[in-house]
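One file, run_11.cif, carrying mmCIF, C-alpha atoms:
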```
data_protein
loop_
_atom_site.label_atom_id
_atom_site.label_comp_id
_atom_site.auth_asym_id
_atom_site.auth_seq_id
_atom_site.Cartn_x
_atom_site.Cartn_y
_atom_site.Cartn_z
CA MET A 1 -9.87 -69.49 16.45
CA PRO A 2 -7.67 -66.90 14.70
CA ARG A 3 -6.40 -63.97 16.77
CA ILE A 4 -8.48 -60.85 16.14
CA ILE A 5 -6.71 -57.55 15.59
CA ALA A 6 -8.68 -54.53 16.76
CA ILE A 7 -7.62 -51.01 15.87
CA ASN A 8 -8.50 -48.01 17.99
CA LYS A 9 -9.04 -45.49 15.19
CA ARG A 10 -8.60 -42.46 17.42
CA GLU A 11 -5.13 -43.35 18.74
CA TYR A 12 -3.99 -45.59 15.88
CA CYS A 13 -2.74 -48.22 18.34
CA VAL A 14 -3.02 -51.99 17.84
CA THR A 15 -4.60 -54.16 20.51
CA SER A 16 -5.18 -57.89 20.46
CA VAL A 17 -7.59 -60.55 21.67
CA ALA A 18 -6.34 -64.01 22.66
CA GLY A 19 -6.72 -66.65 20.00
CA SER A 20 -4.87 -68.96 17.65
CA THR A 21 -1.19 -68.41 16.94
CA LYS A 22 -0.86 -70.47 13.78
CA PRO A 23 2.11 -69.43 11.54
CA HIS A 24 0.00 -68.18 8.64
CA VAL A 25 -2.09 -66.15 11.06
CA LYS A 26 1.10 -64.70 12.56
CA MET A 27 2.22 -63.63 9.09
CA LEU A 28 -1.16 -62.04 8.42
CA GLN A 29 -0.98 -60.26 11.77
CA ALA A 30 2.53 -58.97 11.07
CA SER A 31 1.53 -57.72 7.61
CA PHE A 32 -1.52 -55.99 8.98
CA ALA A 33 0.49 -54.39 11.80
CA ALA A 34 3.11 -53.19 9.31
CA LEU A 35 0.39 -51.71 7.09
CA THR A 36 -1.13 -49.96 10.11
CA LEU A 37 2.26 -48.54 11.07
CA LEU A 38 2.77 -47.31 7.51
CA VAL A 39 -0.59 -45.52 7.61
CA VAL A 40 0.37 -43.85 10.88
CA VAL A 41 3.69 -42.67 9.46
CA ILE A 42 2.02 -41.31 6.33
CA LEU A 43 -0.61 -39.49 8.35
CA ARG A 44 1.93 -37.99 10.71
CA ARG A 45 4.02 -36.76 7.79
CA ALA A 46 1.05 -35.48 5.83
CA PRO A 47 0.25 -31.78 5.73
CA ILE A 48 -1.60 -30.80 8.85
CA HIS A 49 -4.85 -30.08 7.01
CA ALA A 50 -4.83 -33.68 5.72
CA ARG A 51 -4.50 -34.97 9.27
CA PHE A 52 -7.33 -33.12 10.88
CA VAL A 53 -9.99 -33.47 8.18
CA ARG A 54 -11.84 -36.26 9.92
CA HIS A 55 -15.38 -37.46 10.44
CA ASP A 56 -15.84 -38.31 14.10
CA VAL A 57 -18.10 -37.79 17.09
CA PHE A 58 -17.62 -34.03 17.02
CA GLN A 59 -19.74 -33.78 13.88
CA ASP A 60 -22.98 -34.70 15.64
CA PHE A 61 -24.38 -31.18 16.11
CA GLY A 62 -28.06 -32.02 15.94
CA ASP A 63 -29.99 -29.14 14.38
CA ASP A 64 -27.20 -26.60 15.05
CA ALA A 65 -25.26 -26.14 11.79
CA GLU A 66 -23.44 -22.96 12.90
CA VAL A 67 -19.68 -22.58 12.90
CA TYR A 68 -18.69 -20.88 16.15
CA LEU A 69 -15.55 -18.78 16.58
CA THR A 70 -13.88 -18.18 19.94
CA VAL A 71 -10.77 -16.09 20.66
CA GLY A 72 -8.41 -16.06 23.61
CA MET A 73 -7.57 -12.73 25.27
CA MET A 74 -4.12 -11.58 26.32
CA SER A 75 -2.20 -8.83 28.06
CA GLY A 76 -3.63 -5.32 28.62
CA LEU A 77 -6.98 -3.88 27.66
CA ASN A 78 -6.16 -2.88 24.10
CA ASN A 79 -4.30 -6.04 23.19
CA GLN A 80 -7.47 -7.80 24.30
CA ARG A 81 -9.53 -5.35 22.27
CA ILE A 82 -7.47 -6.22 19.18
CA CYS A 83 -8.03 -9.96 19.78
CA LEU A 84 -11.76 -9.19 20.03
CA LEU A 85 -11.89 -7.02 16.90
CA ASN A 86 -9.85 -9.48 14.83
CA GLY A 87 -12.12 -12.33 15.85
CA MET A 88 -15.28 -10.38 15.13
CA ALA A 89 -13.97 -9.31 11.72
CA LEU A 90 -13.11 -12.94 10.86
CA ALA A 91 -16.58 -14.08 11.93
CA LYS A 92 -18.13 -11.34 9.79
CA LEU A 93 -15.97 -12.35 6.83
CA HIS A 94 -17.09 -15.99 6.99
CA ASN A 95 -20.62 -15.55 8.39
CA TRP A 96 -19.62 -17.50 11.51
CA THR A 97 -21.12 -17.12 14.96
CA PHE A 98 -18.80 -15.13 17.20
CA VAL A 99 -18.65 -16.04 20.88
CA LEU A 100 -18.27 -12.84 22.90
CA PRO A 101 -15.12 -13.37 25.01
CA ASP A 102 -14.41 -12.73 28.66
CA PHE A 103 -11.86 -10.02 29.48
CA VAL A 104 -8.75 -10.60 31.56
CA VAL A 105 -9.03 -8.37 34.63
CA GLU A 106 -5.40 -7.75 35.57
CA TYR A 107 -2.67 -7.04 33.01
CA ASN A 108 0.05 -8.71 35.10
CA ALA A 109 -2.11 -11.69 36.06
CA TYR A 110 -3.69 -12.67 32.75
CA GLN A 111 -2.21 -16.16 32.96
CA ASP A 112 -4.13 -16.68 36.21
CA ALA A 113 -7.39 -16.39 34.24
CA ILE A 114 -9.07 -13.77 36.43
CA LEU A 115 -11.92 -12.94 34.07
CA MET A 116 -14.88 -10.60 33.68
CA PRO A 117 -17.64 -11.20 31.10
CA PHE A 118 -17.95 -9.19 27.90
CA LYS A 119 -21.09 -7.52 29.23
CA SER A 120 -19.07 -5.96 32.07
CA PHE A 121 -17.39 -3.73 29.47
CA TYR A 122 -19.61 -3.55 26.40
CA ASN A 123 -23.32 -3.37 25.62
CA VAL A 124 -24.24 -6.91 24.56
CA HIS A 125 -27.55 -5.90 22.97
CA HIS A 126 -25.81 -3.35 20.75
CA THR A 127 -23.13 -5.84 19.69
CA THR A 128 -25.57 -8.65 18.89
CA ALA A 129 -27.82 -6.26 16.96
CA PHE A 130 -24.82 -5.02 14.97
CA ALA A 131 -23.84 -8.60 14.14
CA HIS A 132 -27.39 -9.44 13.03
CA THR A 133 -27.50 -6.52 10.59
CA ASN A 134 -24.05 -7.36 9.22
CA GLY A 135 -24.53 -10.99 8.25
CA PHE A 136 -23.23 -12.90 11.26
CA ARG A 137 -24.21 -13.73 14.84
CA ALA A 138 -22.76 -12.89 18.23
CA VAL A 139 -23.59 -15.00 21.29
CA GLU A 140 -22.49 -15.01 24.93
CA GLY A 141 -21.45 -18.65 25.21
CA LEU A 142 -20.13 -21.64 23.27
CA PRO A 143 -22.61 -24.55 23.04
CA GLN A 144 -21.65 -27.66 24.99
CA SER A 145 -21.63 -29.66 21.74
CA ARG A 146 -18.56 -27.69 20.58
CA HIS A 147 -16.46 -27.83 23.73
CA ALA A 148 -14.62 -31.07 22.97
CA ALA A 149 -13.59 -30.01 19.45
CA CYS A 150 -12.56 -26.60 20.77
CA MET A 151 -10.30 -28.14 23.41
CA LEU A 152 -8.88 -30.52 20.83
CA GLN A 153 -7.97 -27.65 18.54
CA LEU A 154 -6.36 -25.65 21.33
CA GLN A 155 -4.09 -28.61 22.07
CA HIS A 156 -2.42 -27.81 18.73
CA HIS A 157 -1.27 -31.33 17.85
CA ARG A 158 -4.53 -32.18 16.06
CA ALA A 159 -5.34 -28.77 14.61
CA PRO A 160 -3.59 -25.76 13.08
CA ASP A 161 -1.61 -23.68 15.54
CA THR A 162 -1.29 -20.71 13.17
CA PRO A 163 -4.16 -18.57 11.88
CA ASP A 164 -4.05 -20.05 8.37
CA VAL A 165 -7.58 -19.33 7.18
CA SER A 166 -7.73 -22.21 4.69
CA LEU A 167 -6.98 -24.63 7.52
CA LEU A 168 -9.40 -22.92 9.87
CA ASN A 169 -12.14 -23.18 7.24
CA ILE A 170 -11.59 -26.93 6.95
CA TRP A 171 -11.56 -27.37 10.72
CA GLY A 172 -14.70 -25.26 11.11
CA ALA A 173 -16.56 -27.15 8.39
CA ASN A 174 -15.75 -30.49 10.00
CA HIS A 175 -16.13 -29.60 13.67
CA GLY A 176 -18.52 -26.63 13.77
CA VAL A 177 -16.11 -24.50 15.78
CA VAL A 178 -12.85 -22.55 15.38
CA CYS A 179 -10.98 -21.74 18.58
CA LEU A 180 -8.03 -19.37 18.42
CA THR A 181 -5.44 -18.93 21.14
CA ALA A 182 -4.87 -15.38 22.37
CA ASN A 183 -1.60 -15.11 20.47
CA ASN A 184 -3.14 -16.25 17.20
CA ALA A 185 -6.13 -13.96 17.66
CA PHE A 186 -3.78 -11.02 18.25
CA ILE A 187 -1.68 -11.62 15.11
CA LEU A 188 -4.63 -12.70 12.93
CA ASN A 189 -4.62 -9.44 10.97
CA ASN A 190 -1.07 -10.24 9.81
CA HIS A 191 -2.38 -13.34 8.04
CA VAL A 192 -5.86 -12.33 6.90
CA PRO A 193 -6.90 -9.06 5.23
CA LEU A 194 -9.44 -7.98 7.84
CA THR A 195 -11.30 -4.68 7.99
CA LEU A 196 -11.63 -3.50 11.58
CA ALA A 197 -13.25 -0.12 10.93
CA ASP A 198 -16.70 -1.69 10.58
CA VAL A 199 -16.58 -3.96 13.59
CA ARG A 200 -15.37 -1.14 15.87
CA LEU A 201 -18.92 0.17 15.51
CA ALA A 202 -20.13 -3.01 17.21
CA LEU A 203 -18.58 -1.92 20.51
CA ARG A 204 -20.48 0.47 22.75
CA PRO A 205 -19.52 0.86 26.43
CA ALA A 206 -21.75 -0.82 28.98
CA LYS A 207 -24.16 1.44 30.83
CA GLN A 208 -22.01 1.49 33.98
CA TYR A 209 -19.13 3.09 32.09
CA GLU A 210 -21.34 5.59 30.34
CA VAL A 211 -22.50 6.76 33.78
CA ASP A 212 -18.95 7.03 35.13
CA ILE A 213 -17.68 8.89 32.06
CA MET A 214 -20.61 11.30 32.28
CA ASN A 215 -19.70 11.97 35.91
CA ILE A 216 -16.09 12.69 34.92
CA VAL A 217 -17.09 15.04 32.10
CA THR A 218 -19.57 16.81 34.39
CA GLN A 219 -16.80 17.40 36.92
CA MET A 220 -14.57 18.68 34.12
CA VAL A 221 -17.21 21.30 33.30
CA VAL A 222 -17.57 22.27 36.98
CA SER A 223 -13.82 22.49 37.63
CA HIS A 224 -12.51 23.79 34.30
CA ASN A 225 -15.53 25.20 32.50
CA THR A 226 -15.13 22.86 29.53
CA SER A 227 -16.42 19.46 28.48
CA THR A 228 -13.33 18.61 26.45
CA LEU A 229 -9.56 18.99 26.79
CA PRO A 230 -6.57 17.97 24.68
CA ALA A 231 -5.89 14.42 25.87
CA VAL A 232 -2.25 13.28 25.93
CA HIS A 233 -1.32 9.62 26.36
CA VAL A 234 2.01 9.61 28.21
CA ARG A 235 4.19 6.48 28.15
CA VAL A 236 7.34 6.86 30.25
CA GLN A 237 7.01 3.86 32.57
CA PRO A 238 10.10 1.66 33.15
CA ASP A 239 8.67 -1.29 31.18
CA TRP A 240 8.03 1.02 28.23
CA VAL A 241 11.55 2.47 28.38
CA ALA A 242 12.98 -1.06 28.45
CA SER A 243 10.85 -2.33 25.54
CA CYS A 244 11.16 0.55 23.07
CA PRO A 245 14.68 -0.25 21.73
CA PHE A 246 13.54 -3.71 20.63
CA TRP A 247 10.48 -2.74 18.61
CA PRO A 248 10.72 -2.23 14.83
CA ARG A 249 10.54 1.43 13.88
CA THR A 250 7.23 2.67 12.47
CA ASP A 251 7.74 5.24 9.68
CA GLY A 252 11.14 6.12 11.17
CA LEU A 253 9.56 7.50 14.35
CA GLN A 254 10.94 7.42 17.86
CA CYS A 255 9.26 5.10 20.33
CA MET A 256 10.51 6.55 23.59
CA VAL A 257 9.49 10.20 23.98
CA ASP A 258 10.61 11.61 27.31
CA GLU A 259 8.95 14.55 29.07
CA GLU A 260 11.22 17.19 27.61
CA GLU A 261 10.74 15.93 24.05
CA LEU A 262 7.00 15.67 24.62
CA VAL A 263 6.80 19.28 25.85
CA ASN A 264 8.76 20.45 22.81
CA THR A 265 6.50 18.53 20.41
CA LEU A 266 3.26 19.68 22.02
CA GLN A 267 4.35 23.33 21.92
CA ASN A 268 6.15 23.52 18.59
CA THR A 269 4.35 20.92 16.46
CA PHE A 270 0.82 21.08 17.88
CA HIS A 271 1.01 24.67 19.14
CA LEU A 272 -0.37 24.04 22.60
CA PRO A 273 0.49 27.20 24.56
CA GLU A 274 2.39 27.33 27.83
CA GLY A 275 0.02 26.70 30.72
CA CYS A 276 -2.61 25.01 28.53
CA ALA A 277 -4.78 22.53 30.42
CA ILE A 278 -4.31 18.94 29.20
CA LEU A 279 -5.94 15.67 30.25
CA VAL A 280 -3.05 13.31 31.05
CA ILE A 281 -3.84 9.68 30.33
CA SER A 282 -1.17 7.50 31.89
CA ASP A 283 -0.39 4.91 34.52
CA THR A 284 2.12 7.48 35.76
CA THR A 285 0.79 9.97 38.28
CA ILE A 286 0.82 13.74 37.79
CA GLU A 287 3.43 14.02 40.56
CA GLU A 288 5.76 11.77 38.56
CA LEU A 289 5.64 14.11 35.52
CA PRO A 290 7.23 17.31 36.86
CA THR A 291 8.61 18.62 33.55
CA LEU A 292 5.41 18.11 31.56
CA CYS A 293 3.25 19.54 34.34
CA HIS A 294 5.52 22.55 34.79
CA HIS A 295 4.72 23.70 31.25
CA PHE A 296 1.09 22.54 31.13
CA LYS A 297 -1.76 22.38 33.59
CA CYS A 298 -2.01 18.62 33.98
CA ILE A 299 -5.39 17.13 34.85
CA SER A 300 -5.95 13.45 35.56
CA LYS A 301 -9.06 11.30 35.72
CA ALA A 302 -8.32 10.71 39.42
CA GLU A 303 -8.91 14.41 40.02
CA LEU A 304 -12.17 14.42 38.07
CA TRP A 305 -13.60 11.05 39.04
CA VAL A 306 -15.09 12.06 42.37
CA ASP A 307 -18.37 10.19 41.95
CA ARG A 308 -17.73 6.55 41.06
CA SER A 309 -20.39 3.93 40.51
CA PRO A 310 -20.67 1.83 43.68
CA THR A 311 -20.40 -1.37 41.60
CA PHE A 312 -17.14 -0.35 39.90
CA LEU A 313 -14.47 -3.03 40.31
CA GLU A 314 -11.02 -1.45 40.21
CA SER A 315 -8.36 -3.31 38.18
CA SER A 316 -5.76 -2.48 35.55
CA THR A 317 -8.21 -3.45 32.79
CA THR A 318 -11.22 -1.55 34.12
CA LEU A 319 -9.17 1.60 34.79
CA ALA A 320 -7.67 1.40 31.29
CA PHE A 321 -11.19 1.04 29.90
CA VAL A 322 -12.24 4.26 31.64
CA ASP A 323 -9.18 5.97 30.12
CA PHE A 324 -10.09 4.64 26.69
CA VAL A 325 -13.73 5.73 26.77
CA LEU A 326 -12.78 9.12 28.22
CA ALA A 327 -10.09 9.69 25.55
CA CYS A 328 -12.64 8.92 22.85
CA LYS A 329 -14.86 11.71 24.22
CA MET A 330 -12.19 14.38 23.69
CA GLU A 331 -12.00 16.44 20.50
CA LEU A 332 -8.19 16.13 20.31
CA PHE A 333 -6.09 13.15 21.33
CA LEU A 334 -2.30 12.96 21.09
CA GLY A 335 -0.83 9.50 21.47
CA ASN A 336 2.24 7.34 21.02
CA ILE A 337 2.15 5.42 17.73
CA TYR A 338 3.77 2.37 19.32
CA SER A 339 0.98 1.98 21.88
CA THR A 340 -2.01 -0.20 21.00
CA PHE A 341 -4.08 2.05 23.29
CA SER A 342 -3.12 5.17 21.31
CA ARG A 343 -3.61 3.44 17.97
CA GLU A 344 -7.12 2.30 18.84
CA VAL A 345 -8.16 5.70 20.22
CA VAL A 346 -6.85 7.42 17.07
CA GLU A 347 -8.78 4.98 14.86
CA VAL A 348 -12.01 5.57 16.80
CA LEU A 349 -11.67 9.36 16.86
CA ASN A 350 -10.77 9.70 13.19
CA SER A 351 -13.74 7.51 12.23
CA THR A 352 -16.11 9.87 14.07
CA GLY A 353 -14.77 13.17 12.75
CA GLN A 354 -12.71 14.00 15.84
CA GLN A 355 -8.96 14.43 15.77
CA GLY A 356 -6.49 11.78 16.86
CA VAL A 357 -2.79 12.19 16.06
CA PHE A 358 0.59 10.79 17.11
CA TYR A 359 3.26 12.93 18.70
CA ASN A 360 6.33 10.74 18.01
CA PRO A 361 9.20 12.75 16.46
CA LEU A 362 11.30 11.45 13.59
CA CYS A 363 14.56 9.67 14.34
CA LEU A 364 17.26 12.01 13.03
CA GLU A 365 20.12 10.68 10.91
CA GLY A 366 22.97 9.50 13.13
CA GLN A 367 20.75 9.64 16.21
CA VAL A 368 20.50 6.70 18.60
CA CYS A 369 16.77 6.22 18.33
CA ASN A 370 14.80 4.41 21.02
#
```
Once more with this new file: its structure as structure tokens, please.
Amino acid sequence: MPRIIAINKREYCVTSVAGSTKPHVKMLQASFAALTLLVVVILRRAPIHARFVRHDVFQDFGDDAEVYLTVGMMSGLNNQRICLLNGMALAKLHNWTFVLPDFVVEYNAYQDAILMPFKSFYNVHHTTAFAHTNGFRAVEGLPQSRHAACMLQLQHHRAPDTPDVSLLNIWGANHGVVCLTANNAFILNNHVPLTLADVRLALRPAKQYEVDIMNIVTQMVVSHNTSTLPAVHVRVQPDWVASCPFWPRTDGLQCMVDEEELVNTLQNTFHLPEGCAILVISDTTIEELPTLCHHFKCISKAELWVDRSPTFLESSTTLAFVDFVLACKMELFLGNIYSTFSREVVEVLNSTGQQGVFYNPLCLEGQVCN
């Protein structure tokens, strides 16, 4: 009996079954093994899209012909928001089904995968209805039939590890799912011309947050006789100070704006008078901003948020979400152009007829600009 050569098509490895070892059979075996090795080499050197266009078990989707898109989430609230918006815009562009992602609860612990569902932050019914009227779908979970292909793609060695849309289209067509890592979801807009203005309308705060924000605004009226204040996003934390020198300059503007520079800009550029009440949005406490709060009457959400929902779970992400929703309720917002939080608030406000601006001063010629 001749020896039988069996090839495991998934791993491209040669296995054998005991049998005859006649010389001509050995030559045939050696030729076949060499041919197999040549195929492996060619495949491994081929462009990545040629390697992963395959017909295998992951194509058996039954009656479900949808292509699902999932995105990873990273870092703080607004980096996660950008991952979410980029993914939703890509799904809208290709008429894919977008899987609503979980949010990472703690900024400094995102690698520990402490998660809260999408519905903890945003109104799922509003988002799914928006998707339906805009030519794509949004769902709360990835079907079991897509899990294996999703995990395979996220391993990178059998799927594209950059957000190259032509490759993603091929993968999606063959496997019914496109799974992006958090990093690739975050930088997606650098590779694909996406329009985020539309999909921002898909996000409406969950009812819990609407209640808490209403309580804060009500207290603002009681304490200060107004339902809106100029909101100022202050970034002077040590990590911000350390990071600013390494970021590329945007329009020649300073990144690090200390308290004294901020006071000067608010008074001379935006004409906020001495003693004007401002809503300070920052991880820094009012007590840690003596210069700013000497010239302005600083008010924080901690002062106003006297009636919290009993179900509120305090974390860096949930507190930042309260800041975000509250800032979007104000008629004037002044932010730092290098902050994703400020950028997103400005985009939302300007799209609704309110005013969002950046306070960063220009770097002067010859100035060491951080």
Target residues per the PyMOL selection byres ((chain A and resi 308-316) around 10), formatted as a PyMOL selection string: chain A and resi 76-77+104-109+120+208-209+211-213+215-216+283+305-307+317-321
Option closest in space to Tyr338 (chain A), from A:Thr250, A:Thr265, A:Ser282, A:Gln354 [counting all atoms listed in the file]: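 Result for the nearest residue to Tyr338 (chain A): A:Thr250.
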Minimum-distance residue to Phe98 (chain A), chosen among A:Leu196, A:Met116, A:Ala138, A:Ala129 (using all atoms listed in the file):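 Among A:Leu196, A:Met116, A:Ala138, A:Ala129, it is A:Ala138 that comes nearest to Phe98 (chain A).
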Point-to-point distance in Å for CA of Asp323 (chain A) and CA of Leu272 (chain A): 21.5 Å
Residues matched by the PyMOL selection byres ((chain A and resi 200) around 12) as number ranges by chain: A: 81-82, 84-89, 122, 126-127, 130-131, 195-199, 201-205, 344-345, 347-349, 351-352
Specify the axis-aligned box that encloses all atoms of region 263-279 of chain A listed in the file after padding of 4 Å on each side, stating its centre and edge lengths in Å to one decimal as JSON.
```
{"center_x": 1.4, "center_y": 21.5, "center_z": 23.6, "size_x": 22.7, "size_y": 19.7, "size_z": 22.3}
```
Pick from A:Asp251, A:Glu210, A:Glu261, A:Glu303, whichever lies nearest to Val234 (chain A) using all atoms listed in the file: A:Glu261
Closest of A:Pro361, A:Pro248, A:Pro143, A:Pro238 to Thr269 (chain A) - atom-to-atom distances counting only C-alpha atoms: A:Pro361
Top pick for closest residue to His147 (chain A), considering A:Thr128, A:Thr70, A:Gln80, A:Asn95 and counting all atoms listed in the file: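 Looking only at the distances to His147 (chain A), the closest residue turns out to be A:Thr70.
Once region 294-296 of chain A and its same-chain neighbours fewer than 5 positions away are set aside, Glu274, Gly275, Cys276, Ala277 and Ile278 of chain A remain within 7 Å of it when counting all atoms listed in the file.
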Those selected residues, please, written with C-alpha atoms and delivered as a PDB file, in the frame of the given file.
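So the final result, stored in part.pdb, reads:
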```
ATOM      1  CA  GLU A 274       2.390  27.330  27.830  1.00  0.00           C
ATOM      2  CA  GLY A 275       0.020  26.700  30.720  1.00  0.00           C
ATOM      3  CA  CYS A 276      -2.610  25.010  28.530  1.00  0.00           C
ATOM      4  CA  ALA A 277      -4.780  22.530  30.420  1.00  0.00           C
ATOM      5  CA  ILE A 278      -4.310  18.940  29.200  1.00  0.00           C
TER       6      ILE A 278
END
```
Given all atoms listed in the file as the counted atoms, nearest of A:Leu304, A:Val177, A:Ser243, A:Lys92 to Val222 (chain A): A:Leu304
Between CA of Leu167 (chain A) and CA of Leu194 (chain A), distance in Å (one decimal):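 So the two atoms, CA of Leu167 (chain A) and CA of Leu194 (chain A), lie 16.8 Å apart.
Here CA of His271 (chain A) stands at a distance of 19.3 Å from CA of Thr226 (chain A).
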For the file shown, what are the residues hit by the PyMOL selection byres ((chain A and resi 230) around 8), laid out as a PDB file with C-alpha atoms, in the coordinates of the input?
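Okay, this is what ended up in result22.pdb:
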```pdb
ATOM      1  CA  THR A 228     -13.330  18.610  26.450  1.00  0.00           C
ATOM      2  CA  LEU A 229      -9.560  18.990  26.790  1.00  0.00           C
ATOM      3  CA  ALA A 231      -5.890  14.420  25.870  1.00  0.00           C
ATOM      4  CA  VAL A 232      -2.250  13.280  25.930  1.00  0.00           C
ATOM      5  CA  ALA A 277      -4.780  22.530  30.420  1.00  0.00           C
ATOM      6  CA  ILE A 278      -4.310  18.940  29.200  1.00  0.00           C
ATOM      7  CA  LEU A 279      -5.940  15.670  30.250  1.00  0.00           C
ATOM      8  CA  MET A 330     -12.190  14.380  23.690  1.00  0.00           C
ATOM      9  CA  GLU A 331     -12.000  16.440  20.500  1.00  0.00           C
ATOM     10  CA  LEU A 332      -8.190  16.130  20.310  1.00  0.00           C
ATOM     11  CA  PHE A 333      -6.090  13.150  21.330  1.00  0.00           C
ATOM     12  CA  LEU A 334      -2.300  12.960  21.090  1.00  0.00           C
TER      13      LEU A 334
END
```
Output region 278-294 of chain A with N, CA, C and O atoms present, as a CSV table (one decimal), keeping the file's coordinate frame.
```
chain,number,residue,atom,x,y,z
A,278,ILE,N,-4.3,20.2,30.0
A,278,ILE,CA,-4.3,18.9,29.2
A,278,ILE,C,-4.8,17.8,30.1
A,278,ILE,O,-4.5,17.8,31.3
A,279,LEU,N,-5.5,16.9,29.5
A,279,LEU,CA,-5.9,15.7,30.2
A,279,LEU,C,-4.8,14.6,30.1
A,279,LEU,O,-4.6,14.1,29.0
A,280,VAL,N,-4.1,14.3,31.1
A,280,VAL,CA,-3.0,13.3,31.0
A,280,VAL,C,-3.6,11.9,31.2
A,280,VAL,O,-4.2,11.6,32.3
A,281,ILE,N,-3.4,11.1,30.2
A,281,ILE,CA,-3.8,9.7,30.3
A,281,ILE,C,-2.6,8.8,30.5
A,281,ILE,O,-1.8,8.7,29.5
A,282,SER,N,-2.4,8.2,31.6
A,282,SER,CA,-1.2,7.5,31.9
A,282,SER,C,-1.3,6.7,33.2
A,282,SER,O,-2.1,7.1,34.1
A,283,ASP,N,-0.5,5.6,33.3
A,283,ASP,CA,-0.4,4.9,34.5
A,283,ASP,C,0.5,5.7,35.5
A,283,ASP,O,0.5,5.4,36.7
A,284,THR,N,1.2,6.6,34.9
A,284,THR,CA,2.1,7.5,35.8
A,284,THR,C,1.3,8.6,36.4
A,284,THR,O,0.4,9.2,35.7
A,285,THR,N,1.5,8.9,37.6
A,285,THR,CA,0.8,10.0,38.3
A,285,THR,C,1.3,11.4,37.9
A,285,THR,O,2.4,11.5,37.3
A,286,ILE,N,0.5,12.4,38.1
A,286,ILE,CA,0.8,13.7,37.8
A,286,ILE,C,2.1,14.1,38.5
A,286,ILE,O,3.0,14.8,38.0
A,287,GLU,N,2.2,13.7,39.8
A,287,GLU,CA,3.4,14.0,40.6
A,287,GLU,C,4.7,13.4,40.0
A,287,GLU,O,5.8,14.0,40.2
A,288,GLU,N,4.6,12.4,39.2
A,288,GLU,CA,5.8,11.8,38.6
A,288,GLU,C,6.1,12.4,37.2
A,288,GLU,O,7.0,11.9,36.5
A,289,LEU,N,5.4,13.4,36.8
A,289,LEU,CA,5.6,14.1,35.5
A,289,LEU,C,5.9,15.6,35.8
A,289,LEU,O,5.2,16.5,35.2
A,290,PRO,N,7.0,15.9,36.5
A,290,PRO,CA,7.2,17.3,36.9
A,290,PRO,C,7.5,18.2,35.7
A,290,PRO,O,7.1,19.4,35.7
A,291,THR,N,8.3,17.8,34.7
A,291,THR,CA,8.6,18.6,33.6
A,291,THR,C,7.4,18.9,32.7
A,291,THR,O,7.1,20.1,32.4
A,292,LEU,N,6.6,17.9,32.4
A,292,LEU,CA,5.4,18.1,31.6
A,292,LEU,C,4.4,19.0,32.3
A,292,LEU,O,3.9,20.0,31.7
A,293,CYS,N,4.3,18.8,33.6
A,293,CYS,CA,3.2,19.5,34.3
A,293,CYS,C,3.8,20.9,34.8
A,293,CYS,O,3.0,21.7,35.4
A,294,HIS,N,5.0,21.2,34.6
A,294,HIS,CA,5.5,22.6,34.8
A,294,HIS,C,5.1,23.5,33.6
A,294,HIS,O,4.8,24.6,33.8
```
